[in-house]
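Q: Please see the structure below; I have some questions.
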There are 2 protein chains.
Amino acid sequence: MNPFTFQCGTKMIFGAGTESQVGQELVSFGATKVLLVYGGQSIRRSGLYDRVCSAMTAAGLSWTELAGVVPNPRVSLVREGIRLCKENGVDFLLAVGGGSVIDTCKAISFGYYYPGDVWDLVSHSAQPGDQRLPVGAILTLPAAGSEESDSCVISDEKLKIKGGFGSPLMRPVFSIMNPELTCTLPLYQTACGCMDIMAHAMERYFSRTKNTEVTDRLGEAMMKVIVHNLPKVVENPHDLNARGEIMLAGTFAQNDLTGVGREQDWFNHGLEHQISGFYDIAHGAGLAISFPAWMELTLEKDECVEKVAQYAVRVWGVEMDFAQPRNTAREGIGRLRNMIKSVKLPSTLSEAGIGTERFEEMANNLTDVGKSTCGAFCPMSKEDIVRLLKAMQ
Amino acid sequence: MNPFTFQCGTKMIFGAGTESQVGQELVSFGATKVLLVYGGQSIRRSGLYDRVCSAMTAAGLSWTELAGVVPNPRVSLVREGIRLCKENGVDFLLAVGGGSVIDTCKAISFGYYYPGDVWDLVSHSAQPGDQRLPVGAILTLPAAGSEESDSCVISDEKLKIKGGFGSPLMRPVFSIMNPELTCTLPLYQTACGCMDIMAHAMERYFSRTKNTEVTDRLGEAMMKVIVHNLPKVVENPHDLNARGEIMLAGTFAQNDLTGVGREQDWFNHGLEHQISGFYDIAHGAGLAISFPAWMELTLEKDECVEKVAQYAVRVWGVEMDFAQPRNTAREGIGRLRNMIKSVKLPSTLSEAGIGTERFEEMANNLTDVGKSTCGAFCPMSKEDIVRLLKAMQ
């Protein structure tokens with residue numbers, strides 16, 4: 001285990017109907033004038049919008065609204081949010097939605113205090129300062145884990161680039177998590193979310209750092225919860241218990257509890273950001289295509305086999321093949337592929353309508369100036385990445 | 001899963017040599033005048049005392065000292081600490097030690113602002129207020145989990161009563177966790193600590209609340225870490241990796257991460273507080289005597305068998321006996337007993353020199369006025385408790 005510092009003070013408020021507490025939570029965290037940020041019509045149709053507004057009114061709060069957040073959230077809307085905050089004296093950002101909505105709030109939160117354009121923060125040409133507007137969340141989509149994480153991902157829709165930045169101050173101050181709000185999510189979104197949660201655990205899990213038993217087991221626990229509960233939700237989308245387990249696992253898989261004290265990789269997220277930057281596919285769908293193919297490629301390196309075999313045994317219940325651990329590892333990857341197929345996520349780039357035209361460009365972007373490889377568990381050269389993309393075809 | 005709120009903002013600073021950061025952490029949390037609280041000579045002999053003082057001096061801090069904390073920490077020393085804080089204008093409490101030292105600081109922290117005698121808080125005849133002196137910890141003994149927990153346990157050495165109180169404001173603001181500091185712990189203390197950690201996970205795990213998969217698996221993960229790493233430390237007390245895993249598991253087993261959203265029991269802690277209140281034995285030793293006997297008694301109730309069998313299979317790797325799940329459960333309890341014996345903890349009250357003379361009194365205390373039973377997973381009548389104590393003989 002490597003030395004580390006971990007601090008996650010987000011107040012998690014979990015359970016049926018907890019969105020009714022949002023007014024009192026906002027007041028207790030010092031809010032007076034709120035920017036209410038959300039996506040489209042779904043929170044209006046479900047009645048959530050009305051419940052949130054009632055709770056804020058009852059708490060004596062006033063607010064301004066910013067609607068229209070889309071998946072792979074856009075920097076143009078972040079700029080609009082910063083403008084609204086300045087014009088209206090906003091002192092608190094309330095995200096009602098999934099990761100895209102929360103990430104939009106996080107970017108506004110730091111962009112508000114940054115004197116230049118907020119893209120400087122996303123592109124790492126400037127560092128976030130130590131001032132930010134506090135963010136609270138009402139989570140409606142378990143996936144990104146943004147409700148407790150210390151980072152955000154934002155896209156420039158014109159440049160077709162996805163970037164991200166983080167800060168220890170970026171974690172939401174509270175997160176309201178009512179699994180009921182997720183029961184009406186379509187299967188595809190649910191499956192994409194679960195793939196994202198699995199990926200958050202896996203990007204941390206596949207590490208060469210030794211002696212990471214606590215965090216390995218925490219990660220395995222969260223992955224097993226997804227493996228066990230996603231089929232229940234496919235069977236019955238209104239299985240509130242399974243929805244609750246997925247929601248909680250999604251938070252713990254990404255607040256870095258499972259990642260402390262180890263070198264993390266994040267190659268698959270980097271690759272997926274290239275793919276969804278160019279093609280605007282769902283993040284979870286991109287991860288479903290890349291992760292199994294990447295895991296197979298790691299098995300070319302002897303040093304990677306043990307960990308993938310451990311994953312197969314502990315997460316998927318594969319029986320260990322002591323003579324041929326690689327077979328064990330492959331069986332685990334096969335079971336992940338089966339899960340992906342069973343929930344109708346794409347397994348190949350061609351299924352997602354993506355051609356070969358950008359393979360070189362994506363590989364170049366990932367191994368740009370001065371870097372010959374990318375990734376830590378399995379360092380990937382430009383040629384490896386192109387080979388991987390071909391295997392994903 | 002039941003609705004819940006969870007918030008744990010303690011900053012965990014983990015790794016070799018991290019105690020050298022204590023000065024800057026104290027300053028960053030606003031300390032100017034510190035009360036340095038510790039036990040006996042061991043931190044002086046090890047050089048830790050000097051390193052802590054150097055770090056505080058370098059950070060420009062001044063401090064007053066309170067030494068002499070003993071296991072089952074005493075209210076008389078808490079009173080002395082409150083007096084020292086008032087006389088010296090102390091604004092921060094630094095605990096250097098294990099749970100007893102941290103708990104002493106926590107009690108001082110709230111007692112400082114309470115106008116009456118601090119025992120009122122311990123005995124629940126008054127509630128802690130919303131003011132407290134902040135507490136930071138340098139952990140030297142993984143056991144109580146007090147480095148992130150929101151409660152403390154204090155004894156009245158004259159009345160021979162152990163009590164405890166808690167508050168969401170009671171969690172330490174930082175915890176410095178250097179596994180090196182634990183390498184010189186004697187086997188007996190290490191084993192007592194590991195038994196306490198297992199017990200913290202088990203008191204939460206054995207619950208009748210259904211649909212608690214995330215937290216079941218988190219608890220199992222922490223228990224498996226202890227089962228796997230305690231023998232390594234017995235083999236080689238200087239196994240820094242195993243010491244680190246135990247230290248981290250100890251924190252996560254007690255910060256309530258594994259306990260949210262469920263009815264917890266805590267019968268064994270209650271019983272052990274009776275035992276160590278009367279006989280002043282080590283807390284972990286008392287738990288080693290009570291827990292396996294209590295688990296066997298729970299198997300008298302059909303409703304308890306499934307969970308104990310799950311524990312046996314998932315924590316101890318027992319093969320499930322589908323025809324006779326009780327046998328599976330018993331095998332798990334047997335393996336816990338074997339671990340306890342292998343690390344030379346007492347298995348019976350008589351081994352610990354405790355007679356039958358207080359059985360009735362302890363059972364009475366646990367089922368006092370108006371309560372016919374005590375415990376949630378397996379409600380215990382006064383007669384059950386006496387029967388259990390006899391089984392522990």
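Each chain in the structure tokens gets a letter, A, B, ..., in the order shown, and its residues are numbered from 1; ligands are numbered from 1 in order too.
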At a cut-off of 6 Å, using only C-alpha atoms, what residues contact stretch 33-37 of chain B? Leave out same-chain residues fewer than 5 positions from it and give the result as a short mmCIF file (atom, residue, chain, number, x, y, z; two decimals) with N, CA and C atoms, in the first residue's frame.

A:
```cif
data_model
loop_
_atom_site.label_atom_id
_atom_site.label_comp_id
_atom_site.auth_asym_id
_atom_site.auth_seq_id
_atom_site.Cartn_x
_atom_site.Cartn_y
_atom_site.Cartn_z
N SER B 62 2.02 25.74 20.94
CA SER B 62 2.36 25.43 22.32
C SER B 62 1.36 24.41 22.84
N TRP B 63 1.74 23.70 23.91
CA TRP B 63 0.85 22.65 24.39
C TRP B 63 1.02 22.38 25.87
N THR B 64 -0.02 21.72 26.40
CA THR B 64 -0.05 21.22 27.76
C THR B 64 -0.21 19.71 27.65
N GLU B 65 0.24 18.96 28.65
CA GLU B 65 0.18 17.51 28.53
C GLU B 65 -0.74 16.88 29.57
N LEU B 66 -1.38 15.80 29.14
CA LEU B 66 -2.16 14.96 30.06
C LEU B 66 -1.75 13.52 29.78
N ALA B 67 -0.97 12.94 30.66
CA ALA B 67 -0.52 11.55 30.48
C ALA B 67 -1.29 10.66 31.45
N VAL B 90 -6.77 25.91 26.11
CA VAL B 90 -6.56 24.92 25.05
C VAL B 90 -7.67 25.04 24.01
N ASP B 91 -7.29 24.93 22.71
CA ASP B 91 -8.31 24.97 21.64
C ASP B 91 -8.27 23.75 20.73
N PHE B 92 -7.46 22.77 21.07
CA PHE B 92 -7.39 21.56 20.25
C PHE B 92 -6.86 20.41 21.10
N LEU B 93 -7.45 19.22 20.92
CA LEU B 93 -7.02 18.05 21.67
C LEU B 93 -6.31 17.08 20.74
N LEU B 94 -5.07 16.72 21.06
CA LEU B 94 -4.33 15.76 20.24
C LEU B 94 -4.14 14.47 21.03
N ALA B 95 -4.75 13.39 20.51
CA ALA B 95 -4.62 12.07 21.14
C ALA B 95 -3.48 11.32 20.46
#
```

Q: Could you please select, counting only C-alpha atoms, the residues of chain A within 7 Å of chain B and state them as a PDB file with C-alpha atoms, in the first residue's frame?

A:
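The resulting file, result.pdb, is shown below:
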```
ATOM      1  CA  ASN A   2       1.252   3.497  -0.818  1.00  0.00           C
ATOM      2  CA  PRO A   3       0.891   6.442   1.609  1.00  0.00           C
ATOM      3  CA  PHE A   4      -2.335   8.356   1.044  1.00  0.00           C
ATOM      4  CA  THR A   5      -4.687  11.004   2.350  1.00  0.00           C
ATOM      5  CA  PHE A   6      -8.441  10.419   2.163  1.00  0.00           C
ATOM      6  CA  GLN A   7     -11.213  12.747   3.172  1.00  0.00           C
ATOM      7  CA  CYS A   8     -14.820  12.566   2.028  1.00  0.00           C
ATOM      8  CA  GLY A   9     -17.168  14.649   4.132  1.00  0.00           C
ATOM      9  CA  THR A  10     -20.219  14.469   1.876  1.00  0.00           C
ATOM     10  CA  LYS A  11     -23.385  14.003   3.927  1.00  0.00           C
ATOM     11  CA  MET A  12     -25.256  11.067   2.387  1.00  0.00           C
ATOM     12  CA  ILE A  13     -29.006  11.123   2.946  1.00  0.00           C
ATOM     13  CA  PHE A  14     -30.340   7.793   1.740  1.00  0.00           C
ATOM     14  CA  GLY A  15     -33.860   6.428   1.524  1.00  0.00           C
ATOM     15  CA  ALA A  16     -37.361   6.725   0.132  1.00  0.00           C
ATOM     16  CA  ASN A 211      -0.527  -5.319  -0.472  1.00  0.00           C
ATOM     17  CA  GLU A 213      -6.104  -6.215   0.455  1.00  0.00           C
ATOM     18  CA  VAL A 214      -8.560  -3.850   2.159  1.00  0.00           C
ATOM     19  CA  ARG A 217     -11.875  -6.461  -1.156  1.00  0.00           C
ATOM     20  CA  LEU A 218     -13.861  -3.215  -0.995  1.00  0.00           C
ATOM     21  CA  ALA A 221     -17.631  -6.071  -2.841  1.00  0.00           C
ATOM     22  CA  MET A 222     -18.954  -3.217  -4.998  1.00  0.00           C
ATOM     23  CA  VAL A 225     -23.170  -5.989  -5.794  1.00  0.00           C
ATOM     24  CA  ASN A 241     -34.027  -3.085  -2.984  1.00  0.00           C
ATOM     25  CA  GLU A 245     -27.922  -1.585  -3.619  1.00  0.00           C
ATOM     26  CA  ALA A 249     -22.423   0.726  -4.698  1.00  0.00           C
TER      27      ALA A 249
END
```

Q: From a DSSP pass on the backbone, collect the residues of stretch 133-276 of chain B flagged as alpha helix (DSSP H) and hand them back as a compact mmCIF listing (two decimals) with N, CA and C atoms, in the first residue's frame.

A:
```txt
# COMPACT_ATOMS: atom_id res chain seq x y z
N LEU B 187 1.92 -9.30 21.10
CA LEU B 187 0.92 -10.15 20.45
C LEU B 187 -0.44 -10.05 21.14
N TYR B 188 -0.43 -10.03 22.46
CA TYR B 188 -1.71 -10.04 23.18
C TYR B 188 -2.53 -8.80 22.85
N GLN B 189 -1.88 -7.65 22.84
CA GLN B 189 -2.60 -6.41 22.50
C GLN B 189 -3.05 -6.40 21.05
N THR B 190 -2.20 -6.92 20.17
CA THR B 190 -2.56 -7.01 18.76
C THR B 190 -3.80 -7.89 18.58
N ALA B 191 -3.78 -9.02 19.27
CA ALA B 191 -4.90 -9.97 19.16
C ALA B 191 -6.18 -9.37 19.74
N CYS B 192 -6.06 -8.71 20.90
CA CYS B 192 -7.24 -8.05 21.48
C CYS B 192 -7.79 -7.01 20.50
N GLY B 193 -6.90 -6.26 19.87
CA GLY B 193 -7.33 -5.25 18.92
C GLY B 193 -8.06 -5.88 17.74
N CYS B 194 -7.51 -6.96 17.21
CA CYS B 194 -8.15 -7.62 16.07
C CYS B 194 -9.51 -8.19 16.45
N MET B 195 -9.61 -8.71 17.67
CA MET B 195 -10.91 -9.22 18.13
C MET B 195 -11.92 -8.08 18.22
N ASP B 196 -11.48 -6.93 18.67
CA ASP B 196 -12.36 -5.77 18.76
C ASP B 196 -12.82 -5.35 17.36
N ILE B 197 -11.90 -5.34 16.41
CA ILE B 197 -12.24 -4.97 15.04
C ILE B 197 -13.27 -5.95 14.46
N MET B 198 -13.00 -7.26 14.63
CA MET B 198 -13.96 -8.28 14.17
C MET B 198 -15.33 -8.02 14.82
N ALA B 199 -15.31 -7.72 16.12
CA ALA B 199 -16.57 -7.52 16.85
C ALA B 199 -17.32 -6.30 16.30
N HIS B 200 -16.61 -5.24 15.96
CA HIS B 200 -17.29 -4.06 15.42
C HIS B 200 -17.99 -4.40 14.11
N ALA B 201 -17.33 -5.21 13.30
CA ALA B 201 -17.99 -5.63 12.05
C ALA B 201 -19.16 -6.57 12.37
N MET B 202 -18.99 -7.47 13.34
CA MET B 202 -20.02 -8.47 13.63
C MET B 202 -21.25 -7.88 14.30
N GLU B 203 -21.06 -6.91 15.19
CA GLU B 203 -22.22 -6.30 15.87
C GLU B 203 -23.15 -5.67 14.84
N ARG B 204 -22.56 -5.17 13.75
CA ARG B 204 -23.38 -4.58 12.69
C ARG B 204 -23.91 -5.66 11.74
N TYR B 205 -23.08 -6.65 11.49
CA TYR B 205 -23.39 -7.67 10.49
C TYR B 205 -24.59 -8.51 10.90
N GLU B 213 -27.03 -5.78 1.11
CA GLU B 213 -25.92 -6.47 0.43
C GLU B 213 -24.63 -5.63 0.44
N VAL B 214 -24.74 -4.35 0.12
CA VAL B 214 -23.52 -3.52 0.09
C VAL B 214 -22.82 -3.59 1.45
N THR B 215 -23.57 -3.34 2.51
CA THR B 215 -22.94 -3.26 3.82
C THR B 215 -22.56 -4.64 4.36
N ASP B 216 -23.32 -5.68 4.02
CA ASP B 216 -22.87 -7.05 4.36
C ASP B 216 -21.50 -7.31 3.75
N ARG B 217 -21.38 -7.00 2.46
CA ARG B 217 -20.13 -7.32 1.76
C ARG B 217 -18.97 -6.44 2.26
N LEU B 218 -19.27 -5.19 2.61
CA LEU B 218 -18.22 -4.34 3.19
C LEU B 218 -17.75 -4.93 4.53
N GLY B 219 -18.69 -5.36 5.35
CA GLY B 219 -18.33 -5.96 6.64
C GLY B 219 -17.55 -7.25 6.46
N GLU B 220 -18.00 -8.08 5.53
CA GLU B 220 -17.28 -9.34 5.26
C GLU B 220 -15.85 -9.05 4.81
N ALA B 221 -15.72 -8.01 3.97
CA ALA B 221 -14.38 -7.65 3.48
C ALA B 221 -13.47 -7.32 4.65
N MET B 222 -13.95 -6.52 5.61
CA MET B 222 -13.11 -6.13 6.75
C MET B 222 -12.79 -7.34 7.63
N MET B 223 -13.78 -8.22 7.82
CA MET B 223 -13.52 -9.41 8.65
C MET B 223 -12.50 -10.32 7.98
N LYS B 224 -12.63 -10.51 6.65
CA LYS B 224 -11.67 -11.36 5.95
C LYS B 224 -10.25 -10.79 6.05
N VAL B 225 -10.15 -9.48 6.01
CA VAL B 225 -8.83 -8.85 6.14
C VAL B 225 -8.20 -9.22 7.49
N ILE B 226 -8.98 -9.19 8.55
CA ILE B 226 -8.45 -9.56 9.87
C ILE B 226 -8.08 -11.05 9.89
N VAL B 227 -8.98 -11.89 9.41
CA VAL B 227 -8.74 -13.34 9.40
C VAL B 227 -7.47 -13.66 8.63
N HIS B 228 -7.22 -12.92 7.57
CA HIS B 228 -6.09 -13.19 6.70
C HIS B 228 -4.78 -12.58 7.22
N ASN B 229 -4.87 -11.46 7.90
CA ASN B 229 -3.65 -10.74 8.27
C ASN B 229 -3.18 -10.94 9.71
N LEU B 230 -4.10 -11.29 10.62
CA LEU B 230 -3.66 -11.52 11.99
C LEU B 230 -2.62 -12.65 12.06
N PRO B 231 -2.84 -13.78 11.38
CA PRO B 231 -1.80 -14.84 11.43
C PRO B 231 -0.45 -14.37 10.87
N LYS B 232 -0.49 -13.47 9.88
CA LYS B 232 0.78 -12.96 9.34
C LYS B 232 1.55 -12.17 10.40
N VAL B 233 0.81 -11.42 11.21
CA VAL B 233 1.46 -10.61 12.24
C VAL B 233 1.94 -11.49 13.40
N VAL B 234 1.20 -12.57 13.67
CA VAL B 234 1.67 -13.52 14.68
C VAL B 234 2.99 -14.14 14.23
N GLU B 235 3.04 -14.47 12.95
CA GLU B 235 4.25 -15.06 12.35
C GLU B 235 5.41 -14.06 12.37
N LEU B 240 4.94 -5.12 8.00
CA LEU B 240 4.35 -3.79 7.90
C LEU B 240 3.10 -3.78 7.01
N ASN B 241 3.10 -4.63 6.00
CA ASN B 241 1.94 -4.69 5.11
C ASN B 241 0.72 -5.22 5.85
N ALA B 242 0.93 -6.31 6.58
CA ALA B 242 -0.19 -6.87 7.34
C ALA B 242 -0.66 -5.90 8.42
N ARG B 243 0.30 -5.24 9.08
CA ARG B 243 -0.06 -4.23 10.09
C ARG B 243 -0.91 -3.12 9.46
N GLY B 244 -0.53 -2.72 8.24
CA GLY B 244 -1.28 -1.66 7.56
C GLY B 244 -2.70 -2.09 7.20
N GLU B 245 -2.84 -3.33 6.72
CA GLU B 245 -4.18 -3.82 6.36
C GLU B 245 -5.08 -3.85 7.60
N ILE B 246 -4.51 -4.32 8.73
CA ILE B 246 -5.29 -4.39 9.97
C ILE B 246 -5.71 -2.99 10.42
N MET B 247 -4.78 -2.05 10.31
CA MET B 247 -5.06 -0.68 10.76
C MET B 247 -6.20 -0.07 9.95
N LEU B 248 -6.15 -0.25 8.63
CA LEU B 248 -7.18 0.32 7.76
C LEU B 248 -8.53 -0.37 7.99
N ALA B 249 -8.49 -1.69 8.12
CA ALA B 249 -9.73 -2.43 8.38
C ALA B 249 -10.36 -1.99 9.70
N GLY B 250 -9.52 -1.70 10.69
CA GLY B 250 -10.02 -1.27 12.00
C GLY B 250 -10.81 0.02 11.91
N THR B 251 -10.36 0.92 11.06
CA THR B 251 -11.07 2.19 10.89
C THR B 251 -12.40 1.98 10.17
N PHE B 252 -12.34 1.26 9.05
CA PHE B 252 -13.55 1.07 8.24
C PHE B 252 -14.59 0.18 8.96
N PHE B 267 -25.22 -6.22 21.47
CA PHE B 267 -25.39 -6.94 22.72
C PHE B 267 -24.04 -7.33 23.32
N ASN B 268 -23.14 -7.84 22.46
CA ASN B 268 -21.85 -8.32 22.98
C ASN B 268 -21.01 -7.21 23.58
N HIS B 269 -21.07 -6.02 22.96
CA HIS B 269 -20.36 -4.89 23.57
C HIS B 269 -20.98 -4.53 24.92
N GLY B 270 -22.29 -4.56 24.98
CA GLY B 270 -22.97 -4.26 26.24
C GLY B 270 -22.56 -5.25 27.33
N LEU B 271 -22.57 -6.53 26.98
CA LEU B 271 -22.18 -7.57 27.94
C LEU B 271 -20.70 -7.39 28.34
N GLU B 272 -19.87 -7.14 27.36
CA GLU B 272 -18.44 -6.99 27.65
C GLU B 272 -18.18 -5.78 28.54
N HIS B 273 -18.96 -4.71 28.32
CA HIS B 273 -18.79 -3.54 29.20
C HIS B 273 -19.14 -3.88 30.65
N GLN B 274 -20.12 -4.76 30.82
CA GLN B 274 -20.41 -5.24 32.17
C GLN B 274 -19.20 -6.00 32.73
N ILE B 275 -18.69 -6.91 31.93
CA ILE B 275 -17.59 -7.76 32.40
C ILE B 275 -16.35 -6.92 32.70
N SER B 276 -15.96 -6.07 31.75
CA SER B 276 -14.71 -5.33 31.99
C SER B 276 -14.93 -4.20 32.98
```

Q: Atom CA of A:Asp120 to atom CA of A:Val135: how many Å, to one decimal?

A: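 Pair atom CA of A:Asp120 / atom CA of A:Val135 returns 20.6 Å.
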
Q: So that I can see what lies close to A:Ile385, please list as JSON, numbers by chain the residues with an atom at most 10 Å from it, counting only C-alpha atoms and leaving out residues fewer than 6 positions away in the same chain.

A: {"A": [271, 294, 297, 359, 360, 362, 363, 364, 366, 367, 373, 374, 379, 391]}

Q: Selection from above, N, CA and C atoms, as a PDB file, in the first residue's frame, can you write it?

A:
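What ended up in out18.pdb:
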```
ATOM      1  N   LEU A 271      -9.570   6.314 -22.897  1.00  0.00           N
ATOM      2  CA  LEU A 271      -9.943   5.860 -24.241  1.00  0.00           C
ATOM      3  C   LEU A 271     -11.416   6.166 -24.525  1.00  0.00           C
ATOM      4  N   TRP A 294      -9.673  -4.670 -23.514  1.00  0.00           N
ATOM      5  CA  TRP A 294      -8.446  -4.243 -22.835  1.00  0.00           C
ATOM      6  C   TRP A 294      -7.942  -5.316 -21.873  1.00  0.00           C
ATOM      7  N   LEU A 297      -6.162  -7.957 -23.610  1.00  0.00           N
ATOM      8  CA  LEU A 297      -4.833  -7.511 -24.044  1.00  0.00           C
ATOM      9  C   LEU A 297      -3.830  -7.524 -22.883  1.00  0.00           C
ATOM     10  N   PHE A 359      -9.003   5.877 -35.480  1.00  0.00           N
ATOM     11  CA  PHE A 359      -8.166   5.051 -34.596  1.00  0.00           C
ATOM     12  C   PHE A 359      -6.795   5.689 -34.346  1.00  0.00           C
ATOM     13  N   GLU A 360      -6.134   6.102 -35.411  1.00  0.00           N
ATOM     14  CA  GLU A 360      -4.795   6.683 -35.274  1.00  0.00           C
ATOM     15  C   GLU A 360      -4.840   7.964 -34.444  1.00  0.00           C
ATOM     16  N   MET A 362      -7.058   8.890 -32.206  1.00  0.00           N
ATOM     17  CA  MET A 362      -7.321   8.625 -30.785  1.00  0.00           C
ATOM     18  C   MET A 362      -6.054   8.106 -30.098  1.00  0.00           C
ATOM     19  N   ALA A 363      -5.358   7.198 -30.769  1.00  0.00           N
ATOM     20  CA  ALA A 363      -4.121   6.653 -30.177  1.00  0.00           C
ATOM     21  C   ALA A 363      -3.084   7.762 -30.003  1.00  0.00           C
ATOM     22  N   ASN A 364      -3.019   8.659 -30.985  1.00  0.00           N
ATOM     23  CA  ASN A 364      -2.112   9.808 -30.870  1.00  0.00           C
ATOM     24  C   ASN A 364      -2.479  10.688 -29.686  1.00  0.00           C
ATOM     25  N   LEU A 366      -3.939   9.935 -26.992  1.00  0.00           N
ATOM     26  CA  LEU A 366      -3.684   9.291 -25.692  1.00  0.00           C
ATOM     27  C   LEU A 366      -2.194   9.182 -25.381  1.00  0.00           C
ATOM     28  N   THR A 367      -1.367   9.232 -26.394  1.00  0.00           N
ATOM     29  CA  THR A 367       0.086   9.111 -26.168  1.00  0.00           C
ATOM     30  C   THR A 367       0.781  10.352 -26.712  1.00  0.00           C
ATOM     31  N   THR A 373       4.032   5.693 -23.742  1.00  0.00           N
ATOM     32  CA  THR A 373       2.927   4.793 -23.399  1.00  0.00           C
ATOM     33  C   THR A 373       1.923   5.518 -22.513  1.00  0.00           C
ATOM     34  N   CYS A 374       0.823   4.869 -22.295  1.00  0.00           N
ATOM     35  CA  CYS A 374      -0.274   5.421 -21.501  1.00  0.00           C
ATOM     36  C   CYS A 374      -0.873   4.279 -20.701  1.00  0.00           C
ATOM     37  N   PRO A 379       0.931  -0.748 -19.423  1.00  0.00           N
ATOM     38  CA  PRO A 379       1.303   0.428 -20.221  1.00  0.00           C
ATOM     39  C   PRO A 379       1.053   0.152 -21.707  1.00  0.00           C
ATOM     40  N   ALA A 391      -9.296  -4.652 -32.150  1.00  0.00           N
ATOM     41  CA  ALA A 391      -9.918  -5.791 -31.468  1.00  0.00           C
ATOM     42  C   ALA A 391     -11.337  -5.448 -31.001  1.00  0.00           C
TER      43      ALA A 391
END
```

Q: Using DSSP assignments from the backbone, pull out every residue in stretch 49-91 of chain B that falls under strand (DSSP E or B) and give it to me as a ChimeraX atom specification.

A: /B:62-66,74

Q: How would the residues just picked look written out with N, CA and C atoms as a PDB file, in the first residue's frame?

A:
```pdb
ATOM      1  N   SER B  62       2.022  25.736  20.939  1.00  0.00           N
ATOM      2  CA  SER B  62       2.364  25.425  22.322  1.00  0.00           C
ATOM      3  C   SER B  62       1.357  24.408  22.838  1.00  0.00           C
ATOM      4  N   TRP B  63       1.737  23.700  23.907  1.00  0.00           N
ATOM      5  CA  TRP B  63       0.851  22.647  24.392  1.00  0.00           C
ATOM      6  C   TRP B  63       1.016  22.376  25.869  1.00  0.00           C
ATOM      7  N   THR B  64      -0.017  21.722  26.397  1.00  0.00           N
ATOM      8  CA  THR B  64      -0.048  21.221  27.762  1.00  0.00           C
ATOM      9  C   THR B  64      -0.213  19.713  27.649  1.00  0.00           C
ATOM     10  N   GLU B  65       0.242  18.959  28.651  1.00  0.00           N
ATOM     11  CA  GLU B  65       0.175  17.506  28.530  1.00  0.00           C
ATOM     12  C   GLU B  65      -0.739  16.877  29.573  1.00  0.00           C
ATOM     13  N   LEU B  66      -1.384  15.796  29.137  1.00  0.00           N
ATOM     14  CA  LEU B  66      -2.160  14.963  30.057  1.00  0.00           C
ATOM     15  C   LEU B  66      -1.755  13.522  29.778  1.00  0.00           C
ATOM     16  N   ARG B  74     -10.586   6.336  32.334  1.00  0.00           N
ATOM     17  CA  ARG B  74     -11.292   6.731  33.548  1.00  0.00           C
ATOM     18  C   ARG B  74     -11.818   8.152  33.501  1.00  0.00           C
TER      19      ARG B  74
END
```

Q: Would you kindly return, as a PyMOL selection string, each protein, DNA or RNA residue with an atom no farther than 9 Å from any atom of A:Ala329, considering only C-alpha atoms and excluding same-chain residues fewer than 4 positions away?

A: chain A and resi 295-296+299+305-313+318+320+325+333-334

Q: One decimal, in Å: what's the spacing between atom CA of A:Glu147 and atom CA of A:Val70?

A: 17.0 Å

Q: What does the distance between atom CA of A:Gly129 and atom CA of A:Ala107 come to in Å, to one decimal place?

A: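 Spanning atom CA of A:Gly129 to atom CA of A:Ala107 is a straight-line distance of 12.1 Å.
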
Q: Find the residues around A:Arg45 up to 12 Å (only C-alpha atoms counted), leave out those fewer than 6 positions away in its own chain, and share them as a list in words.

A: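 The filter keeps Arg51, Leu181 and Thr184 of chain A.
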
Q: Only C-alpha atoms, please: the residues just picked out, written as a short mmCIF file (atom, residue, chain, number, x, y, z; two decimals), in the first residue's frame.

A:
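Wrote selection_14.cif, looks like this:
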```
data_model
loop_
_atom_site.label_atom_id
_atom_site.label_comp_id
_atom_site.auth_asym_id
_atom_site.auth_seq_id
_atom_site.Cartn_x
_atom_site.Cartn_y
_atom_site.Cartn_z
CA ARG A 51 -41.35 18.33 -4.88
CA LEU A 181 -36.22 7.99 -8.26
CA THR A 184 -38.31 4.54 -14.02
#
```

Q: Taking only C-alpha atoms into account, which of A:Glu180, A:Asp280, A:Glu87, A:Asp384 comes nearest A:Ala293?

A: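 Among the listed residues, the smallest separation from A:Ala293 belongs to A:Asp384.
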
Q: Smallest atom-to-atom distance to B:Gly116: which of B:Pro128, B:Gly370, B:Pro346, B:Pro73, using only C-alpha atoms?

A: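 Distance minimum relative to B:Gly116 lands on B:Pro128.
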
Q: Of the candidates A:Thr104, A:Thr258, A:Gln264, A:Asp130, which shows the shortest atom-to-atom distance to A:Gly375, using only C-alpha atoms?

A: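 Ranked by minimum distance to A:Gly375, first place goes to A:Gln264.
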